[in-house]
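Below is one structure, written out as structure tokens; comments come after it.
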Amino acid sequence: MSALSSSVLLAEFSFSGFIEETIVPWWERFAQVFVGEDLVIQSSVIVGALVLSWIISAAMKPMCKRVTEAIEERDDWVEETVDWLADNLFRLLLAGTLWAASLWYDAYNLEQATVITPPSAVTSGEVAVGESGVELSQGTSVAPEKRVSVKNYILIRAFASIATLWLLSGALPTRLKKQAYYKILFFVLAAGLTLNLLGIWNAISEGLNGIKLLPVSGSTETRVTALTLVKGVVAILILIPVAGWLMKSSEKKVTRMANVSPALQVLSVKLIKVLVVTGAVLFSISAVGIDLSSFAVLGGAIGLGLGFGFQKVISNLISGVILLGDKSIKPGDVIEVDNTYGWINTLGARYTSVITRDGTEHLIPNEMMITEKVVNWSFSSDNVRVKIPFGVSYNSDVRQVMKIANEAGAAHPRVLKDPAAATRMIGFGDNSVDFELRVWLKDPADGLGNIRSDLLLALWDAFQEHNIEIPFPQRDLHIRDSQPIPVVVKEKDE
């Protein structure tokens, strides 16, 4: 019986210890949030935020509708932004109001916190007066003050987190919310929110924070623990879809701006992508717990090495930015460079895509567009003059020839009426009188070789109709001091 009694007493002691060490502290935290005066305060704040957000959103929706009607068919991306704001205004205001209230209560709670100083901090000795006017013993070592919070407004933070998840869920497109990646991400965020609401996350975070993965000797700025690693992984999981969505949506909105030139659109899209990727990478590194200032020297050395190794690549990148900035060429321009004639399809970061009339796409490095001679047929104007050289016989009436050539040039549908077609006599050749038919076009992108062929055929038909000869090279052969050529005639035998 004594052994059984000992076992029962031991079990009762263990159970009572579990209750005192685990259940009682958890119930005190739970009661602090959900029972008593704190519950009334937090519930009032939450209800007030709901009512205030609903009133403001209901009052601003007609205003957003009027703005949408005013800008309709002028700026599509502005219209879509206003529509999104009108649909998610209540969620946005609710999340913002709750987070503002939570931050204010945290600041107020910190001011009202209880200051605890360990009693062993003061030792015996001569009395001295400290900087704060408090008498301290000589040799006194005062431990750092520790503030203990007397209030815990976790309920407001929980509802603020729920409102934020609700806002993100409503803001994402339906096709994205159906993907498994986003379902898992929202499940992880909801699980973390539940742990925080139950007060379990604090104990988990303290345990993870105690596991040091990458301590740096003599530095308190860079300290990677299991907790910071988990936060970094979650941040990366969130930033990957957010960064992709930002880049795609910004590119779509910028390219739909009718009042922005194509070159500026390309430059804006590239800058936005660079900023989004850079911000996501830096934020992820900082979330892991690595101090960004420690990368200053290393980044400089890496940048110097990459500068020498990728000199041509960097030169093409900088040349691309210059081309987009000075607008010397832009998508749609008809250019001629390095014996390549065509129109610009795209301006890339490293190269320019030029499509010729035969459908061949040439990828020309941007550096060549800066250093080489480039003929832009549509830089300041789309009008282009085409010259058609031809010649006629010396027996022809040159004034009639010029009149016929002008009429043939003006009859072509692609030739502009103003400036009108003009024919000039440019010289007396060895075999013909030389002329040049000059016509103006407004569509060089449709080709120049085809219109030259059409005009030459028109001149041929017109000259044939009026019996005007187009000469060809002729040579007269004169033989001097030659011996007589003997002629022998043989009779054929009958």
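Each chain of the structure tokens is named A, B, ... in the order shown, its residues numbered from 1; ligands are numbered from 1 in display order.
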
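Using only C-alpha atoms, the residues found no farther than 12 Å from Asn395 of chain A, other than those of its own chain fewer than 5 positions away, are Gln400, Val401, Asn431, Ser432, Val433, Asn467, Ile468, Glu469, Ile470 and Pro471 of chain A.
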
Seminar exercise, completed: In terms of only C-alpha atoms, the residue from A:Leu317, A:Leu456, A:Val47, A:Leu237 at minimal distance from Val281 of chain A is A:Leu237

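Separating atom CA of His466 of chain A from atom CA of Val415 of chain A is a distance of 23.0 Å.
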
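Atom pair atom CA of Tyr105 of chain A / atom CA of Ile204 of chain A has a distance of 24.2 Å (rounded to one decimal).
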
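A straight line drawn from atom CA of Val288 of chain A to atom CA of Val224 of chain A is 6.4 Å long.
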
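Counting only C-alpha atoms, segment 241-251 of chain A has the following residues at most 9 Å away, ignoring those fewer than 3 positions along the same chain: Tyr182, Leu237, Ile238, Val254, Thr255, Arg256, Gln265, Val266, Ser268, Val269, Lys270, Ile272, Lys273, Val276, Val277 and Ala280 of chain A.
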
Exercise. Near Asp454 of chain A, within 12 Å and counting only C-alpha atoms, which residues show up once chain neighbours fewer than 5 positions away are dropped, as a list of chain:residue names?
Worked result: A:Ile388, A:Ala408, A:Gly409, A:Ala410, A:Ala411, A:His412, A:Pro413, A:Arg414, A:Val415, A:Gly447, A:Leu448, A:Gly449, A:Leu459, A:Trp460, A:Asp461

Which residues are close to Arg357 of chain A, i.e. within 12 Å by only C-alpha atoms, leaving aside same-chain residues fewer than 2 positions away? Reply as a PDB file with C-alpha atoms, in the first residue's frame.
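Resulting contents of result-v5.pdb:
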```pdb
ATOM      1  CA  VAL A 334      12.235  52.049 -90.442  1.00  0.00           C
ATOM      2  CA  ILE A 335      16.026  51.979 -90.205  1.00  0.00           C
ATOM      3  CA  GLU A 336      19.053  50.913 -92.199  1.00  0.00           C
ATOM      4  CA  THR A 340      20.228  45.734 -92.993  1.00  0.00           C
ATOM      5  CA  TYR A 341      17.010  47.511 -93.971  1.00  0.00           C
ATOM      6  CA  GLY A 342      13.796  46.948 -92.045  1.00  0.00           C
ATOM      7  CA  TRP A 343      11.575  48.133 -89.260  1.00  0.00           C
ATOM      8  CA  ILE A 344      12.234  47.853 -85.531  1.00  0.00           C
ATOM      9  CA  VAL A 354      14.898  44.471 -86.855  1.00  0.00           C
ATOM     10  CA  ILE A 355      12.622  42.649 -89.316  1.00  0.00           C
ATOM     11  CA  GLY A 359      10.693  38.327 -92.927  1.00  0.00           C
ATOM     12  CA  THR A 360      14.183  37.769 -91.555  1.00  0.00           C
ATOM     13  CA  GLU A 361      14.610  39.043 -87.990  1.00  0.00           C
ATOM     14  CA  HIS A 362      18.040  40.488 -87.212  1.00  0.00           C
ATOM     15  CA  PRO A 444       8.674  53.414 -96.137  1.00  0.00           C
ATOM     16  CA  ALA A 445       7.780  50.423 -93.981  1.00  0.00           C
ATOM     17  CA  ASP A 446       5.915  48.957 -96.986  1.00  0.00           C
ATOM     18  CA  GLY A 447       9.188  48.692 -98.874  1.00  0.00           C
ATOM     19  CA  LEU A 448      11.279  50.729-101.312  1.00  0.00           C
ATOM     20  CA  GLY A 449      12.395  48.079-103.785  1.00  0.00           C
ATOM     21  CA  ASN A 450       8.837  47.290-104.858  1.00  0.00           C
TER      22      ASN A 450
END
```
